[in-house]
Amino acid sequence: VSAVDLLTAVWNAYPESEKFPVVGGSLDKPVDDAPGTFPVDDADNLDYMLHFPADKADLIDDAASLTHMMNANSFTCGVFHVKNSADVSVVTDALRQNVQNTQWMCGFPDKLVIFTYDQYVVSLYGDEELVNTFRDKFTATYSDSTIAYDEAIL
């Protein structure tokens with residue numbers, strides 16, 4: 001399974017009535033209305049678009065994203081495959097710290113949730129209702145996932 005496969009399975013669990021306008025992938029290779037693969041070789045872009053800490057980019061080898069098309073701070077989700085299982089908690093904690101320490105410019109996300117699933121770390125933040133719905137769909141789709149953080153953004 002790849003990062004984009006994992007994210008696609010959760011997005012496909014949404015009924016049409018609950019879906020919202022999204023774009024996946026990166027700025028150079030966007031995917032309309034679906035998750036997309038995100039290049040892991042551009043640490044600055046990982047940090048800018050998904051708040052993945054640039055100094056930890058060498059710990060991952062696959063990524064995918066799904067973002068609200070109108071406002072990234074309403075919903076942004078990144079899925080990251082960690083090369084070494086021993087580094088999952090390092091990535092999880094660094095991601096949380098990076099999101100929580102962000103100086104938000106346009107709109108303020110309400111909530112942050114970070115999951116771990118096998119060697120994947122899944123980070124999502126945004127509007128509380130959108131985040132909670134995705135969290136519930138994710139845990140229903142991947143029942144053996146673990147929620148590392150589920151908290152308000154301060």
# chains A, B, ... in the order shown; residues from 1 in each chain; ligands from 1
>>> closest_atom_pairs(of="range 78-134 of chain A", to="range 33-43 of chain A", cutoff="12 Å", atoms="only C-alpha atoms", output="CSV")
residue,atom,partner,partner_atom,distance
A:Gly78,CA,A:Phe38,CA,8.7
A:Val79,CA,A:Phe38,CA,9.0
A:Phe80,CA,A:Val40,CA,8.8
A:His81,CA,A:Val40,CA,9.8
A:Val82,CA,A:Val40,CA,11.0
A:Lys83,CA,A:Val40,CA,11.7
>>> select_by_dssp(residues="chain A", states="alpha helix (DSSP H)", output="ChimeraX atom specification")
/A:3-12,43-50,88-100,128-141
>>> closest_residue(among="A:Thr141, A:Ser26, A:Asn12, A:Asn73", to="Glu128 in chain A", atoms="only C-alpha atoms")
A:Asn73
>>> atom_distance(atom1="CA of Leu124 in chain A", atom2="CA of Ala57 in chain A")
17.4 Å
>>> residues_around(residues="range 146-152 of chain A", least_positions_apart="6", cutoff="8 Å", atoms="only C-alpha atoms", output="list in words")
Thr92, Arg96, Asp110, Lys111, Leu112, Val113, Ile114, Phe115, Thr116 and Tyr117 of chain A
>>> select_by_dssp(residues="range 39-148 of chain A", states="strand (DSSP E or B)", output="PyMOL selection string")
chain A and resi 60-68+75-82+111-117+120-126+146-148
>>> residues_around(residues="Met49 in chain A", least_positions_apart="5", cutoff="9 Å", atoms="only C-alpha atoms", output="number ranges by chain")
A: 26-27, 44, 72, 76
>>> write_last_selection(atoms="N, CA, C and O atoms", output="JSON list (two decimals), in the first residue's frame")
[["chain", "number", "residue", "atom", "x", "y", "z"],
["A", 26, "SER", "N", 0.88, 17.93, -5.18],
["A", 26, "SER", "CA", 1.71, 19.12, -4.99],
["A", 26, "SER", "C", 1.30, 20.22, -5.96],
["A", 26, "SER", "O", 0.48, 20.00, -6.85],
["A", 27, "LEU", "N", 1.90, 21.38, -5.79],
["A", 27, "LEU", "CA", 1.59, 22.51, -6.67],
["A", 27, "LEU", "C", 1.91, 22.21, -8.13],
["A", 27, "LEU", "O", 1.18, 22.61, -9.02],
["A", 44, "ASP", "N", 11.41, 21.80, 1.67],
["A", 44, "ASP", "CA", 10.79, 23.11, 1.93],
["A", 44, "ASP", "C", 9.31, 23.10, 1.55],
["A", 44, "ASP", "O", 8.48, 23.69, 2.25],
["A", 72, "ALA", "N", -6.73, 26.05, 2.73],
["A", 72, "ALA", "CA", -5.93, 24.95, 3.29],
["A", 72, "ALA", "C", -6.09, 24.86, 4.81],
["A", 72, "ALA", "O", -6.00, 23.77, 5.37],
["A", 76, "THR", "N", -6.35, 20.22, 5.82],
["A", 76, "THR", "CA", -5.15, 19.74, 5.15],
["A", 76, "THR", "C", -4.77, 18.42, 5.78],
["A", 76, "THR", "O", -4.69, 18.32, 7.01]]
>>> closest_residue(among="A:Ser143, A:Asn98, A:Thr67, A:Ser89", to="Lys19 in chain A", atoms="only C-alpha atoms")
A:Thr67
>>> residues_around(residues="Ser85 in chain A", least_positions_apart="3", cutoff="8 Å", atoms="only C-alpha atoms", output="mmCIF file with all heavy atoms, in the first residue's frame")
data_model
loop_
_atom_site.group_PDB
_atom_site.id
_atom_site.type_symbol
_atom_site.label_atom_id
_atom_site.label_comp_id
_atom_site.auth_asym_id
_atom_site.auth_seq_id
_atom_site.Cartn_x
_atom_site.Cartn_y
_atom_site.Cartn_z
ATOM 1 N N VAL A 82 7.243 6.442 6.799
ATOM 2 C CA VAL A 82 8.521 6.562 7.488
ATOM 3 C C VAL A 82 9.379 5.343 7.119
ATOM 4 O O VAL A 82 8.927 4.204 7.228
ATOM 5 C CB VAL A 82 8.296 6.651 9.018
ATOM 6 C CG1 VAL A 82 9.618 6.824 9.750
ATOM 7 C CG2 VAL A 82 7.344 7.806 9.345
ATOM 8 N N VAL A 88 9.102 6.412 13.645
ATOM 9 C CA VAL A 88 7.694 6.842 13.577
ATOM 10 C C VAL A 88 7.367 7.841 14.676
ATOM 11 O O VAL A 88 6.772 8.888 14.423
ATOM 12 C CB VAL A 88 6.731 5.629 13.592
ATOM 13 C CG1 VAL A 88 5.291 6.069 13.812
ATOM 14 C CG2 VAL A 88 6.847 4.848 12.288
ATOM 15 N N ASP A 118 0.897 1.388 10.992
ATOM 16 C CA ASP A 118 2.078 0.677 10.530
ATOM 17 C C ASP A 118 3.238 1.691 10.497
ATOM 18 O O ASP A 118 3.507 2.330 11.512
ATOM 19 C CB ASP A 118 1.799 0.022 9.175
ATOM 20 C CG ASP A 118 2.884 -0.965 8.755
ATOM 21 O OD1 ASP A 118 3.495 -1.594 9.642
ATOM 22 O OD2 ASP A 118 3.110 -1.100 7.538
ATOM 23 N N GLN A 119 3.901 1.895 9.344
ATOM 24 C CA GLN A 119 4.986 2.867 9.280
ATOM 25 C C GLN A 119 4.529 4.182 8.662
ATOM 26 O O GLN A 119 5.346 4.970 8.193
ATOM 27 C CB GLN A 119 6.179 2.293 8.516
ATOM 28 C CG GLN A 119 6.988 1.335 9.375
ATOM 29 C CD GLN A 119 8.160 0.728 8.639
ATOM 30 O OE1 GLN A 119 8.272 -0.487 8.593
ATOM 31 N NE2 GLN A 119 9.030 1.539 8.088
#
>>> decode(residues="range 34-82 of chain A", atoms="N, CA and C atoms", output="compact mmCIF listing (two decimals), in the first residue's frame")
# COMPACT_ATOMS: atom_id res chain seq x y z
N ALA A 34 -9.40 14.56 -5.50
CA ALA A 34 -8.87 13.29 -5.01
C ALA A 34 -7.50 13.50 -4.37
N PRO A 35 -7.08 12.55 -3.53
CA PRO A 35 -5.72 12.62 -3.00
C PRO A 35 -4.69 12.49 -4.12
N GLY A 36 -3.50 13.02 -3.88
CA GLY A 36 -2.42 12.91 -4.85
C GLY A 36 -1.09 12.67 -4.18
N THR A 37 -0.17 12.12 -4.93
CA THR A 37 1.18 11.87 -4.42
C THR A 37 1.90 13.19 -4.23
N PHE A 38 2.68 13.27 -3.17
CA PHE A 38 3.43 14.49 -2.85
C PHE A 38 4.92 14.14 -2.86
N PRO A 39 5.74 14.89 -3.62
CA PRO A 39 7.17 14.56 -3.69
C PRO A 39 7.88 14.75 -2.35
N VAL A 40 8.66 13.75 -1.95
CA VAL A 40 9.36 13.83 -0.66
C VAL A 40 10.75 14.45 -0.78
N ASP A 41 11.19 14.73 -2.01
CA ASP A 41 12.53 15.27 -2.20
C ASP A 41 12.59 16.80 -2.09
N ASP A 42 11.46 17.44 -1.84
CA ASP A 42 11.42 18.90 -1.69
C ASP A 42 11.00 19.23 -0.25
N ALA A 43 11.98 19.23 0.65
CA ALA A 43 11.72 19.41 2.07
C ALA A 43 11.01 20.74 2.37
N ASP A 44 11.41 21.80 1.67
CA ASP A 44 10.79 23.11 1.93
C ASP A 44 9.31 23.10 1.55
N ASN A 45 8.98 22.46 0.44
CA ASN A 45 7.59 22.38 0.01
C ASN A 45 6.76 21.50 0.95
N LEU A 46 7.35 20.42 1.45
CA LEU A 46 6.66 19.58 2.45
C LEU A 46 6.29 20.42 3.67
N ASP A 47 7.23 21.26 4.09
CA ASP A 47 6.99 22.10 5.25
C ASP A 47 5.96 23.19 4.93
N TYR A 48 6.12 23.84 3.80
CA TYR A 48 5.23 24.94 3.42
C TYR A 48 3.79 24.47 3.22
N MET A 49 3.61 23.37 2.49
CA MET A 49 2.27 22.92 2.13
C MET A 49 1.61 22.03 3.19
N LEU A 50 2.39 21.18 3.85
CA LEU A 50 1.81 20.18 4.75
C LEU A 50 2.30 20.30 6.19
N HIS A 51 3.13 21.29 6.46
CA HIS A 51 3.71 21.51 7.79
C HIS A 51 4.50 20.30 8.27
N PHE A 52 5.06 19.54 7.31
CA PHE A 52 5.97 18.45 7.66
C PHE A 52 7.34 19.06 7.89
N PRO A 53 7.96 18.81 9.05
CA PRO A 53 9.24 19.46 9.36
C PRO A 53 10.32 19.15 8.32
N ALA A 54 10.85 20.19 7.70
CA ALA A 54 11.85 20.04 6.63
C ALA A 54 13.06 19.23 7.09
N ASP A 55 13.45 19.39 8.35
CA ASP A 55 14.64 18.69 8.84
C ASP A 55 14.39 17.19 9.09
N LYS A 56 13.16 16.73 8.89
CA LYS A 56 12.84 15.30 9.05
C LYS A 56 12.50 14.66 7.70
N ALA A 57 12.61 15.41 6.60
CA ALA A 57 12.22 14.90 5.29
C ALA A 57 13.03 13.67 4.88
N ASP A 58 14.25 13.58 5.36
CA ASP A 58 15.08 12.42 5.00
C ASP A 58 14.60 11.13 5.66
N LEU A 59 13.66 11.21 6.60
CA LEU A 59 13.14 10.03 7.29
C LEU A 59 11.96 9.38 6.56
N ILE A 60 11.46 10.04 5.50
CA ILE A 60 10.30 9.50 4.78
C ILE A 60 10.65 9.19 3.33
N ASP A 61 9.90 8.24 2.75
CA ASP A 61 10.16 7.87 1.35
C ASP A 61 8.90 7.87 0.49
N ASP A 62 7.77 8.31 1.06
CA ASP A 62 6.52 8.39 0.29
C ASP A 62 5.60 9.35 1.02
N ALA A 63 4.83 10.12 0.25
CA ALA A 63 3.88 11.05 0.86
C ALA A 63 2.71 11.30 -0.09
N ALA A 64 1.58 11.69 0.50
CA ALA A 64 0.39 12.06 -0.28
C ALA A 64 -0.34 13.14 0.49
N SER A 65 -1.19 13.88 -0.22
CA SER A 65 -1.91 14.95 0.46
C SER A 65 -3.33 15.08 -0.07
N LEU A 66 -4.15 15.71 0.75
CA LEU A 66 -5.52 16.08 0.40
C LEU A 66 -5.81 17.38 1.14
N THR A 67 -6.18 18.42 0.39
CA THR A 67 -6.34 19.76 0.97
C THR A 67 -7.65 20.37 0.48
N HIS A 68 -8.29 21.12 1.37
CA HIS A 68 -9.50 21.85 0.98
C HIS A 68 -9.12 22.84 -0.12
N MET A 69 -9.87 22.83 -1.21
CA MET A 69 -9.51 23.63 -2.38
C MET A 69 -9.61 25.14 -2.12
N MET A 70 -10.53 25.56 -1.25
CA MET A 70 -10.74 27.00 -1.01
C MET A 70 -9.83 27.57 0.07
N ASN A 71 -9.53 26.76 1.10
CA ASN A 71 -8.76 27.26 2.22
C ASN A 71 -8.04 26.10 2.88
N ALA A 72 -6.73 26.05 2.73
CA ALA A 72 -5.93 24.95 3.29
C ALA A 72 -6.09 24.86 4.81
N ASN A 73 -6.35 25.98 5.48
CA ASN A 73 -6.51 25.93 6.93
C ASN A 73 -7.86 25.37 7.36
N SER A 74 -8.77 25.16 6.40
CA SER A 74 -10.03 24.47 6.70
C SER A 74 -9.83 22.97 6.77
N PHE A 75 -8.92 22.45 5.92
CA PHE A 75 -8.62 21.02 5.95
C PHE A 75 -7.36 20.76 5.15
N THR A 76 -6.35 20.22 5.82
CA THR A 76 -5.15 19.74 5.15
C THR A 76 -4.77 18.42 5.78
N CYS A 77 -4.55 17.42 4.93
CA CYS A 77 -4.12 16.11 5.41
C CYS A 77 -2.90 15.66 4.63
N GLY A 78 -1.90 15.20 5.35
CA GLY A 78 -0.71 14.61 4.74
C GLY A 78 -0.50 13.21 5.29
N VAL A 79 -0.11 12.30 4.41
CA VAL A 79 0.23 10.93 4.81
C VAL A 79 1.69 10.72 4.44
N PHE A 80 2.46 10.23 5.41
CA PHE A 80 3.91 10.12 5.23
C PHE A 80 4.37 8.72 5.60
N HIS A 81 5.09 8.06 4.70
CA HIS A 81 5.65 6.74 5.02
C HIS A 81 7.05 6.92 5.58
N VAL A 82 7.24 6.44 6.80
CA VAL A 82 8.52 6.56 7.49
C VAL A 82 9.38 5.34 7.12
